[in-house]
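A.B. asks: As input, take coords25.csv (CSV, N, CA and C atoms):
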```csv
chain,number,residue,atom,x,y,z
A,1,LEU,N,76.3,176.3,144.8
A,1,LEU,CA,75.6,175.9,143.6
A,1,LEU,C,74.1,176.1,143.7
A,2,VAL,N,73.5,175.8,144.8
A,2,VAL,CA,72.1,175.9,144.9
A,2,VAL,C,71.7,177.4,144.9
A,3,GLU,N,72.5,178.3,145.5
A,3,GLU,CA,72.2,179.7,145.4
A,3,GLU,C,72.3,180.2,144.0
A,4,PHE,N,73.3,179.7,143.3
A,4,PHE,CA,73.5,180.1,141.9
A,4,PHE,C,72.3,179.7,141.1
A,5,ALA,N,71.8,178.4,141.3
A,5,ALA,CA,70.6,177.9,140.6
A,5,ALA,C,69.4,178.8,140.9
A,6,ARG,N,69.2,179.2,142.1
A,6,ARG,CA,68.1,180.1,142.4
A,6,ARG,C,68.1,181.3,141.5
A,7,GLN,N,69.3,181.9,141.4
A,7,GLN,CA,69.4,183.1,140.7
A,7,GLN,C,69.3,182.9,139.2
A,8,ARG,N,70.0,181.8,138.7
A,8,ARG,CA,70.0,181.5,137.3
A,8,ARG,C,68.6,181.2,136.7
A,9,PHE,N,67.8,180.5,137.5
A,9,PHE,CA,66.5,180.1,137.0
A,9,PHE,C,65.4,180.9,137.6
A,10,MET,N,65.8,181.9,138.4
A,10,MET,CA,64.8,182.8,139.0
A,10,MET,C,63.6,182.0,139.7
A,11,VAL,N,64.1,181.1,140.6
A,11,VAL,CA,63.1,180.3,141.4
A,11,VAL,C,63.4,180.6,142.9
A,12,PRO,N,62.4,180.4,143.8
A,12,PRO,CA,62.6,180.6,145.2
A,12,PRO,C,63.4,179.5,145.9
A,13,THR,N,63.4,178.3,145.3
A,13,THR,CA,64.0,177.2,146.0
A,13,THR,C,64.8,176.3,145.0
A,14,ALA,N,66.0,175.9,145.5
A,14,ALA,CA,66.9,175.0,144.8
A,14,ALA,C,67.5,174.1,145.9
A,15,PHE,N,67.7,172.8,145.6
A,15,PHE,CA,68.3,171.9,146.5
A,15,PHE,C,69.0,170.8,145.9
A,16,ILE,N,69.9,170.1,146.6
A,16,ILE,CA,70.6,168.9,146.2
A,16,ILE,C,70.1,167.8,147.1
A,17,SER,N,69.4,166.8,146.6
A,17,SER,CA,68.9,165.7,147.4
A,17,SER,C,69.7,164.5,147.2
A,18,LEU,N,69.8,163.7,148.3
A,18,LEU,CA,70.4,162.4,148.2
A,18,LEU,C,69.2,161.4,148.6
A,19,VAL,N,69.0,160.4,147.8
A,19,VAL,CA,67.8,159.6,148.0
A,19,VAL,C,68.3,158.2,148.6
A,20,ALA,N,67.7,157.9,149.8
A,20,ALA,CA,68.0,156.7,150.5
A,20,ALA,C,66.8,155.8,150.4
A,21,GLU,N,66.8,154.7,151.1
A,21,GLU,CA,65.8,153.7,150.9
A,21,GLU,C,64.4,154.2,151.2
A,22,ILE,N,64.2,154.9,152.3
A,22,ILE,CA,62.9,155.4,152.7
A,22,ILE,C,62.8,156.9,152.8
A,23,ARG,N,63.9,157.6,152.6
A,23,ARG,CA,63.8,159.1,152.7
A,23,ARG,C,64.7,159.7,151.7
A,24,GLN,N,64.5,161.0,151.5
A,24,GLN,CA,65.5,161.8,150.8
A,24,GLN,C,65.9,162.9,151.7
A,25,TRP,N,67.2,163.2,151.7
A,25,TRP,CA,67.7,164.3,152.6
A,25,TRP,C,68.4,165.3,151.7
A,26,PHE,N,68.5,166.5,152.2
A,26,PHE,CA,69.0,167.6,151.4
A,26,PHE,C,70.5,167.9,151.8
A,27,LYS,N,71.4,167.6,150.9
A,27,LYS,CA,72.8,167.9,151.2
A,27,LYS,C,73.1,169.4,151.1
A,28,ALA,N,72.3,170.1,150.3
A,28,ALA,CA,72.4,171.6,150.3
A,28,ALA,C,71.0,172.1,149.9
A,29,LYS,N,70.7,173.3,150.4
A,29,LYS,CA,69.4,173.8,150.1
A,29,LYS,C,69.4,175.3,150.2
A,30,ALA,N,68.5,175.9,149.4
A,30,ALA,CA,68.3,177.4,149.5
A,30,ALA,C,66.8,177.6,149.3
A,31,GLY,N,66.2,178.2,150.3
A,31,GLY,CA,64.8,178.5,150.1
A,31,GLY,C,63.9,177.4,150.6
A,32,LEU,N,64.4,176.5,151.4
A,32,LEU,CA,63.7,175.3,151.9
A,32,LEU,C,64.0,175.1,153.4
A,33,ASP,N,63.0,174.9,154.2
A,33,ASP,CA,63.2,174.9,155.6
A,33,ASP,C,63.4,173.4,156.1
A,34,VAL,N,62.9,172.4,155.4
A,34,VAL,CA,63.0,171.1,155.9
A,34,VAL,C,64.4,170.4,155.5
A,35,GLY,N,64.8,169.4,156.3
A,35,GLY,CA,66.1,168.8,156.0
A,35,GLY,C,65.9,167.5,155.3
A,36,GLU,N,64.7,166.9,155.3
A,36,GLU,CA,64.4,165.7,154.6
A,36,GLU,C,62.9,165.5,154.4
A,37,THR,N,62.6,164.6,153.5
A,37,THR,CA,61.2,164.2,153.3
A,37,THR,C,61.2,162.7,153.1
A,38,SER,N,60.0,162.1,153.2
A,38,SER,CA,59.9,160.7,152.9
A,38,SER,C,60.1,160.4,151.4
A,39,ARG,N,60.7,159.3,151.1
A,39,ARG,CA,60.9,159.0,149.7
A,39,ARG,C,59.6,158.8,148.9
A,40,GLU,N,58.6,158.3,149.7
A,40,GLU,CA,57.3,158.1,149.1
A,40,GLU,C,56.7,159.3,148.4
A,41,HIS,N,57.0,160.5,149.0
A,41,HIS,CA,56.5,161.8,148.4
A,41,HIS,C,57.5,162.6,147.6
A,42,ALA,N,58.7,162.1,147.5
A,42,ALA,CA,59.8,162.8,146.9
A,42,ALA,C,59.6,162.8,145.3
A,43,PHE,N,59.6,164.0,144.8
A,43,PHE,CA,59.6,164.2,143.3
A,43,PHE,C,61.0,163.6,142.8
A,44,CYS,N,62.0,163.7,143.7
A,44,CYS,CA,63.3,163.2,143.3
A,44,CYS,C,63.4,161.7,143.1
A,45,ASP,N,62.5,161.0,143.7
A,45,ASP,CA,62.4,159.5,143.5
A,45,ASP,C,62.1,159.3,142.1
A,46,HIS,N,61.2,160.1,141.5
A,46,HIS,CA,60.8,159.9,140.1
A,46,HIS,C,62.0,160.3,139.2
A,47,THR,N,62.7,161.3,139.6
A,47,THR,CA,63.9,161.8,138.8
A,47,THR,C,64.9,160.7,138.7
A,48,ILE,N,65.2,160.0,139.8
A,48,ILE,CA,66.3,159.0,139.7
A,48,ILE,C,65.9,157.7,139.0
A,49,GLN,N,64.6,157.6,138.8
A,49,GLN,CA,64.1,156.4,138.0
A,49,GLN,C,64.4,156.5,136.5
A,50,GLN,N,64.7,157.7,136.1
A,50,GLN,CA,65.1,158.0,134.7
A,50,GLN,C,66.5,158.6,134.7
A,51,ARG,N,67.1,158.8,133.6
A,51,ARG,CA,68.4,159.3,133.5
A,51,ARG,C,68.4,160.6,132.8
A,52,GLN,N,67.3,161.3,132.8
A,52,GLN,CA,67.2,162.6,132.1
A,52,GLN,C,66.5,163.6,133.1
A,53,VAL,N,66.5,164.8,132.7
A,53,VAL,CA,65.8,165.8,133.5
A,53,VAL,C,64.3,165.5,133.6
A,54,LEU,N,63.8,165.6,134.8
A,54,LEU,CA,62.3,165.5,135.0
A,54,LEU,C,61.8,166.9,135.2
A,55,VAL,N,60.8,167.2,134.3
A,55,VAL,CA,60.2,168.5,134.4
A,55,VAL,C,58.7,168.3,134.6
A,56,VAL,N,58.2,169.0,135.7
A,56,VAL,CA,56.8,169.0,136.0
A,56,VAL,C,56.4,170.5,135.9
A,57,GLU,N,55.8,170.9,134.8
A,57,GLU,CA,55.4,172.3,134.6
A,57,GLU,C,54.3,172.8,135.6
A,58,ASP,N,53.4,171.9,135.9
A,58,ASP,CA,52.3,172.2,136.8
A,58,ASP,C,51.8,170.9,137.5
A,59,ALA,N,52.3,170.8,138.8
A,59,ALA,CA,52.0,169.5,139.5
A,59,ALA,C,50.5,169.4,139.7
A,60,HIS,N,49.7,170.4,139.7
A,60,HIS,CA,48.2,170.3,139.8
A,60,HIS,C,47.6,169.5,138.7
A,61,PHE,N,48.3,169.4,137.6
A,61,PHE,CA,47.7,168.7,136.4
A,61,PHE,C,48.5,167.5,136.1
A,62,ASP,N,49.4,167.1,136.9
A,62,ASP,CA,50.2,165.9,136.7
A,62,ASP,C,49.7,164.8,137.6
A,63,PRO,N,49.1,163.7,137.0
A,63,PRO,CA,48.5,162.6,137.8
A,63,PRO,C,49.5,162.0,138.8
A,64,ARG,N,50.8,162.0,138.5
A,64,ARG,CA,51.7,161.4,139.5
A,64,ARG,C,51.8,162.3,140.8
A,65,PHE,N,51.5,163.6,140.7
A,65,PHE,CA,51.8,164.4,141.8
A,65,PHE,C,50.6,165.2,142.3
A,66,VAL,N,49.4,165.2,141.7
A,66,VAL,CA,48.3,166.0,142.0
A,66,VAL,C,47.9,165.9,143.5
A,67,ASN,N,48.0,164.7,144.1
A,67,ASN,CA,47.6,164.4,145.5
A,67,ASN,C,48.8,164.3,146.4
A,68,ASN,N,50.0,164.7,145.9
A,68,ASN,CA,51.2,164.6,146.7
A,68,ASN,C,51.2,165.6,147.9
A,69,LEU,N,51.6,165.2,149.0
A,69,LEU,CA,51.6,166.0,150.2
A,69,LEU,C,52.4,167.3,150.0
A,70,LEU,N,53.5,167.2,149.2
A,70,LEU,CA,54.3,168.4,148.9
A,70,LEU,C,53.7,169.3,147.9
A,71,VAL,N,52.6,168.9,147.3
A,71,VAL,CA,51.9,169.8,146.4
A,71,VAL,C,50.7,170.4,147.1
A,72,ILE,N,50.0,169.6,147.9
A,72,ILE,CA,48.8,170.1,148.6
A,72,ILE,C,49.1,170.9,149.9
A,73,GLY,N,50.3,170.6,150.4
A,73,GLY,CA,50.8,171.3,151.6
A,73,GLY,C,52.2,171.9,151.3
A,74,PRO,N,52.8,172.5,152.4
A,74,PRO,CA,54.1,173.1,152.2
A,74,PRO,C,55.1,172.0,151.7
A,75,PRO,N,55.9,172.4,150.7
A,75,PRO,CA,56.2,173.7,150.2
A,75,PRO,C,55.3,174.2,149.0
A,76,ARG,N,54.2,173.5,148.8
A,76,ARG,CA,53.2,173.8,147.7
A,76,ARG,C,53.9,173.8,146.3
A,77,ILE,N,54.5,172.7,146.0
A,77,ILE,CA,55.2,172.7,144.7
A,77,ILE,C,54.2,172.7,143.5
A,78,ARG,N,54.4,173.6,142.6
A,78,ARG,CA,53.6,173.6,141.4
A,78,ARG,C,54.6,173.2,140.2
A,79,PHE,N,55.8,173.8,140.2
A,79,PHE,CA,56.8,173.6,139.2
A,79,PHE,C,58.0,172.8,139.9
A,80,TYR,N,58.5,171.8,139.2
A,80,TYR,CA,59.6,171.1,139.6
A,80,TYR,C,60.5,170.7,138.4
A,81,ALA,N,61.8,170.9,138.5
A,81,ALA,CA,62.7,170.4,137.6
A,81,ALA,C,63.9,169.8,138.3
A,82,GLY,N,64.3,168.5,138.0
A,82,GLY,CA,65.4,167.8,138.6
A,82,GLY,C,66.2,167.1,137.7
A,83,ALA,N,67.5,167.2,137.9
A,83,ALA,CA,68.5,166.4,137.1
A,83,ALA,C,69.1,165.4,138.0
A,84,PRO,N,69.2,164.1,137.6
A,84,PRO,CA,69.7,163.1,138.4
A,84,PRO,C,71.2,163.3,138.7
A,85,LEU,N,71.7,162.9,139.9
A,85,LEU,CA,73.1,162.9,140.2
A,85,LEU,C,73.5,161.5,139.9
A,86,ILE,N,74.4,161.3,139.0
A,86,ILE,CA,74.9,160.0,138.6
A,86,ILE,C,76.3,159.8,139.1
A,87,TYR,N,76.5,158.8,140.0
A,87,TYR,CA,77.7,158.5,140.6
A,87,TYR,C,78.0,157.0,140.4
A,88,LYS,N,79.1,156.7,139.7
A,88,LYS,CA,79.5,155.3,139.5
A,88,LYS,C,78.3,154.5,138.9
A,89,GLN,N,77.7,155.1,137.9
A,89,GLN,CA,76.6,154.5,137.1
A,89,GLN,C,75.3,154.4,137.9
A,90,GLN,N,75.2,155.0,139.1
A,90,GLN,CA,74.0,154.9,139.9
A,90,GLN,C,73.4,156.3,140.1
A,91,ALA,N,72.1,156.4,140.0
A,91,ALA,CA,71.5,157.7,140.4
A,91,ALA,C,71.3,157.7,141.9
A,92,ILE,N,72.0,158.7,142.5
A,92,ILE,CA,72.0,158.7,144.0
A,92,ILE,C,71.1,159.9,144.5
A,93,GLY,N,70.7,160.7,143.7
A,93,GLY,CA,69.9,161.9,144.1
A,93,GLY,C,69.7,162.8,142.9
A,94,SER,N,69.4,164.1,143.2
A,94,SER,CA,69.1,165.0,142.2
A,94,SER,C,69.4,166.4,142.5
A,95,PHE,N,69.6,167.2,141.5
A,95,PHE,CA,69.8,168.7,141.7
A,95,PHE,C,68.4,169.2,141.2
A,96,CYS,N,67.7,169.9,142.1
A,96,CYS,CA,66.3,170.3,141.8
A,96,CYS,C,66.1,171.8,142.0
A,97,ILE,N,65.1,172.3,141.3
A,97,ILE,CA,64.6,173.6,141.5
A,97,ILE,C,63.1,173.5,141.6
A,98,ILE,N,62.4,174.3,142.5
A,98,ILE,CA,61.0,174.2,142.5
A,98,ILE,C,60.4,175.7,142.7
A,99,ASP,N,59.2,175.8,142.3
A,99,ASP,CA,58.5,177.1,142.5
A,99,ASP,C,57.0,176.8,142.8
A,100,GLU,N,56.4,177.8,143.4
A,100,GLU,CA,55.0,177.7,143.8
A,100,GLU,C,54.1,178.1,142.7
A,101,ILE,N,54.6,178.5,141.5
A,101,ILE,CA,53.8,178.8,140.4
A,101,ILE,C,54.2,177.9,139.2
A,102,PRO,N,53.3,177.6,138.3
A,102,PRO,CA,53.7,176.8,137.2
A,102,PRO,C,54.6,177.6,136.2
A,103,ARG,N,55.4,176.9,135.5
A,103,ARG,CA,56.3,177.5,134.5
A,103,ARG,C,56.8,176.5,133.5
A,104,GLN,N,57.3,177.0,132.4
A,104,GLN,CA,57.9,176.2,131.4
A,104,GLN,C,59.4,176.1,131.7
A,105,PHE,N,60.1,175.1,131.1
A,105,PHE,CA,61.5,174.9,131.4
A,105,PHE,C,62.1,174.5,130.1
A,106,PRO,N,62.6,175.4,129.3
A,106,PRO,CA,63.1,175.1,127.9
A,106,PRO,C,64.4,174.2,128.0
A,107,GLU,N,64.7,173.6,126.8
A,107,GLU,CA,65.8,172.7,126.7
A,107,GLU,C,67.1,173.4,127.2
A,108,ALA,N,67.4,174.6,126.9
A,108,ALA,CA,68.6,175.3,127.3
A,108,ALA,C,68.7,175.3,128.8
A,109,ASP,N,67.6,175.5,129.5
A,109,ASP,CA,67.6,175.5,131.0
A,109,ASP,C,67.9,174.1,131.5
A,110,GLN,N,67.3,173.1,130.8
A,110,GLN,CA,67.5,171.7,131.2
A,110,GLN,C,69.0,171.3,131.1
A,111,ARG,N,69.6,171.8,130.0
A,111,ARG,CA,71.0,171.5,129.8
A,111,ARG,C,71.8,172.1,131.0
A,112,ASP,N,71.5,173.4,131.3
A,112,ASP,CA,72.2,174.0,132.4
A,112,ASP,C,72.0,173.3,133.8
A,113,LEU,N,70.8,172.8,134.0
A,113,LEU,CA,70.5,172.0,135.2
A,113,LEU,C,71.4,170.8,135.2
A,114,VAL,N,71.6,170.1,134.1
A,114,VAL,CA,72.4,168.9,134.0
A,114,VAL,C,73.9,169.3,134.3
A,115,VAL,N,74.3,170.4,133.9
A,115,VAL,CA,75.7,170.9,134.2
A,115,VAL,C,75.8,171.1,135.7
A,116,LEU,N,74.8,171.6,136.4
A,116,LEU,CA,74.9,171.8,137.8
A,116,LEU,C,74.9,170.5,138.5
A,117,ALA,N,74.1,169.5,138.0
A,117,ALA,CA,74.1,168.2,138.6
A,117,ALA,C,75.5,167.5,138.5
A,118,LYS,N,76.1,167.7,137.3
A,118,LYS,CA,77.5,167.1,137.1
A,118,LYS,C,78.5,167.8,138.0
A,119,ALA,N,78.4,169.1,138.2
A,119,ALA,CA,79.3,169.8,139.1
A,119,ALA,C,79.1,169.3,140.5
A,120,THR,N,77.9,169.0,140.9
A,120,THR,CA,77.6,168.5,142.2
A,120,THR,C,78.3,167.2,142.4
A,121,VAL,N,78.2,166.3,141.5
A,121,VAL,CA,78.8,165.0,141.6
A,121,VAL,C,80.3,165.1,141.6
A,122,ALA,N,80.9,166.0,140.9
A,122,ALA,CA,82.3,166.3,140.9
A,122,ALA,C,82.7,166.7,142.3
A,123,GLU,N,81.9,167.6,142.9
A,123,GLU,CA,82.2,168.1,144.3
A,123,GLU,C,82.2,166.9,145.3
A,124,LEU,N,81.2,166.1,145.1
A,124,LEU,CA,81.0,165.0,146.0
A,124,LEU,C,82.2,164.0,145.9
A,125,GLU,N,82.7,163.8,144.6
A,125,GLU,CA,83.8,162.9,144.4
A,125,GLU,C,85.1,163.5,145.0
A,126,MET,N,85.3,164.8,144.8
A,126,MET,CA,86.5,165.5,145.4
A,126,MET,C,86.4,165.4,146.9
A,127,SER,N,85.3,165.6,147.5
A,127,SER,CA,85.2,165.6,148.9
A,127,SER,C,85.5,164.2,149.5
A,128,ARG,N,85.0,163.2,148.8
A,128,ARG,CA,85.3,161.8,149.2
A,128,ARG,C,86.8,161.5,149.0
A,129,ALA,N,87.4,162.0,148.0
A,129,ALA,CA,88.8,161.7,147.7
A,129,ALA,C,89.7,162.4,148.8
A,130,ARG,N,89.3,163.7,149.2
A,130,ARG,CA,90.0,164.4,150.2
A,130,ARG,C,90.0,163.6,151.5
A,131,ARG,N,88.9,163.0,151.9
A,131,ARG,CA,88.8,162.3,153.1
A,131,ARG,C,89.7,161.1,153.2
A,132,PHE,N,90.0,160.5,152.1
A,132,PHE,CA,90.9,159.4,152.0
A,132,PHE,C,92.3,159.8,151.9
A,133,LEU,N,92.6,160.9,151.3
A,133,LEU,CA,94.0,161.3,151.1
A,133,LEU,C,94.6,162.1,152.2
A,134,LEU,N,93.8,162.9,153.0
A,134,LEU,CA,94.3,163.7,154.0
A,134,LEU,C,94.3,162.9,155.3
A,135,PRO,N,95.4,163.2,156.2
A,135,PRO,CA,95.4,162.5,157.4
A,135,PRO,C,94.4,162.9,158.4
```
Represent the structure of the file as structure tokens.

C.D. replies:
Amino acid sequence: LVEFARQRFMVPTAFISLVAEIRQWFKAKAGLDVGETSREHAFCDHTIQQRQVLVVEDAHFDPRFVNNLLVIGPPRIRFYAGAPLIYKQQAIGSFCIIDEIPRQFPEADQRDLVVLAKATVAELEMSRARRFLLP
């Protein structure tokens, strides 16, 4: 799914994050070297605080992120879009794409990102069900 997202949205990086109390970790990633980041700096923390797609067209001009370590240092996020992963009425993480250049993200793209987030949750649910059903 993350590789498909990279191609579909023509971005260098896509990932699925799960957000815990003090960190976010990446369940799947393409174009990203790290396995986790602190929740304090996670764009995804902002994503799960709302129930819609979070779009940051240019992090250098967004007061929430202008001084964020992930903006001023690697991976040097300029553009971010994330759709929350909703499991049993809880936002547990997000399906995200990022780029080092600013960009716009139209409504049609946002809808497609939501579809990928829903597919991710469906995969997580099937994986969980298989663990309980198989010996």

A.B. asks: I need the strand (DSSP E) residues of range 5-135 of chain A per DSSP on the backbone, written as a PyMOL selection string.

C.D. replies: chain A and resi 13-19+23-30+36-38+54-56+79-87+90-99

A.B. asks: Would you please work out which residue, of A:Asp99, A:Phe65, A:Gln49, A:Phe26, is nearest to Met10 in chain A when using all atoms listed in the file?

C.D. replies: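 Checking each of A:Asp99, A:Phe65, A:Gln49, A:Phe26 against Met10 in chain A, counting all atoms listed in the file, the winner is A:Asp99.
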
A.B. asks: Would you please work out which residue, of A:Tyr87, A:Trp25, A:Phe105, A:Phe4, is nearest to Arg51 in chain A when using only C-alpha atoms?

C.D. replies: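 Using only C-alpha atoms, the shortest distance to Arg51 in chain A belongs to A:Tyr87.
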
A.B. asks: Taking into account only C-alpha atoms, which residue in the set A:Arg39, A:Lys27, A:Arg103, A:Lys118 is nearest to Pro84 in chain A?

C.D. replies: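 For Pro84 in chain A, the nearest of the given residues is A:Lys118.
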
A.B. asks: Have a look at A:Leu1, A:Ile48, A:Ile98, A:Ile77 and name the one nearest to His60 in chain A; count all atoms listed in the file.

C.D. replies: A:Ile77

A.B. asks: What is the atom N of Ala59 in chain A to atom N of Ile101 in chain A distance in Å?

C.D. replies: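 Atom N of Ala59 in chain A sits 8.5 Å away from atom N of Ile101 in chain A.
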
A.B. asks: Give me, please, the distance in Å between CA of Ile22 in chain A and CA of Phe43 in chain A, quoted to one decimal.

C.D. replies: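 Taking CA of Ile22 in chain A and CA of Phe43 in chain A, their separation equals 13.3 Å.
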
A.B. asks: Would you mind writing down, as a PyMOL selection string, each residue of range 2-124 of chain A that DSSP on the backbone assigns to alpha helix (DSSP H)?

C.D. replies: chain A and resi 2-9+43-48+69-72+107-124

A.B. asks: Have a look at A:Ala5, A:Leu70, A:Cys96, A:Ala122 and name the one nearest to Thr47 in chain A; count only C-alpha atoms.

C.D. replies: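 When distances to Thr47 in chain A are compared using only C-alpha atoms, the smallest one comes from A:Cys96.
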
A.B. asks: From the options A:Val121, A:Val56, A:Leu69, A:Ala108, which residue's atoms come nearest to Gly82 in chain A, counting only N, CA and C atoms?

C.D. replies: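 The shortest atom-to-atom distance to Gly82 in chain A comes from A:Val56.
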
A.B. asks: So what do you get for CA of Leu85 in chain A versus CA of Leu113 in chain A, distance-wise?

C.D. replies: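 One can read the CA of Leu85 in chain A to CA of Leu113 in chain A distance as 10.7 Å.
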
A.B. asks: Taking the block above, write range 69-80 of chain A with N, CA, C and O atoms as a JSON list (two decimals), in the first residue's frame.

C.D. replies:
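Here's the written file part.json:
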```
[["chain", "number", "residue", "atom", "x", "y", "z"],
["A", 69, "LEU", "N", 11.56, 19.39, 14.54],
["A", 69, "LEU", "CA", 12.83, 18.75, 14.19],
["A", 69, "LEU", "C", 12.77, 18.00, 12.87],
["A", 69, "LEU", "O", 13.78, 17.86, 12.18],
["A", 70, "LEU", "N", 11.58, 17.49, 12.51],
["A", 70, "LEU", "CA", 11.43, 16.76, 11.25],
["A", 70, "LEU", "C", 11.30, 17.68, 10.05],
["A", 70, "LEU", "O", 11.34, 17.23, 8.91],
["A", 71, "VAL", "N", 11.17, 18.96, 10.32],
["A", 71, "VAL", "CA", 11.13, 19.98, 9.25],
["A", 71, "VAL", "C", 12.51, 20.61, 9.08],
["A", 71, "VAL", "O", 13.02, 20.71, 7.97],
["A", 72, "ILE", "N", 13.15, 20.97, 10.19],
["A", 72, "ILE", "CA", 14.45, 21.64, 10.10],
["A", 72, "ILE", "C", 15.60, 20.65, 9.92],
["A", 72, "ILE", "O", 16.70, 21.03, 9.53],
["A", 73, "GLY", "N", 15.34, 19.37, 10.18],
["A", 73, "GLY", "CA", 16.33, 18.30, 9.98],
["A", 73, "GLY", "C", 15.69, 17.18, 9.19],
["A", 73, "GLY", "O", 14.54, 17.27, 8.77],
["A", 74, "PRO", "N", 16.45, 16.09, 8.99],
["A", 74, "PRO", "CA", 15.91, 14.96, 8.23],
["A", 74, "PRO", "C", 14.63, 14.43, 8.86],
["A", 74, "PRO", "O", 14.55, 14.38, 10.08],
["A", 75, "PRO", "N", 13.63, 14.13, 8.07],
["A", 75, "PRO", "CA", 13.60, 14.01, 6.60],
["A", 75, "PRO", "C", 13.26, 15.31, 5.87],
["A", 75, "PRO", "O", 12.91, 15.29, 4.70],
["A", 76, "ARG", "N", 13.33, 16.44, 6.54],
["A", 76, "ARG", "CA", 13.09, 17.77, 5.96],
["A", 76, "ARG", "C", 11.71, 17.87, 5.30],
["A", 76, "ARG", "O", 11.56, 18.20, 4.14],
["A", 77, "ILE", "N", 10.70, 17.62, 6.10],
["A", 77, "ILE", "CA", 9.32, 17.64, 5.61],
["A", 77, "ILE", "C", 8.91, 19.06, 5.24],
["A", 77, "ILE", "O", 9.05, 19.99, 6.03],
["A", 78, "ARG", "N", 8.43, 19.22, 4.04],
["A", 78, "ARG", "CA", 7.79, 20.47, 3.61],
["A", 78, "ARG", "C", 6.30, 20.22, 3.42],
["A", 78, "ARG", "O", 5.47, 21.00, 3.85],
["A", 79, "PHE", "N", 5.98, 19.10, 2.73],
["A", 79, "PHE", "CA", 4.59, 18.74, 2.48],
["A", 79, "PHE", "C", 4.25, 17.48, 3.28],
["A", 79, "PHE", "O", 5.06, 16.55, 3.36],
["A", 80, "TYR", "N", 3.07, 17.47, 3.88],
["A", 80, "TYR", "CA", 2.58, 16.31, 4.61],
["A", 80, "TYR", "C", 1.09, 16.18, 4.37],
["A", 80, "TYR", "O", 0.35, 17.17, 4.39]]
```
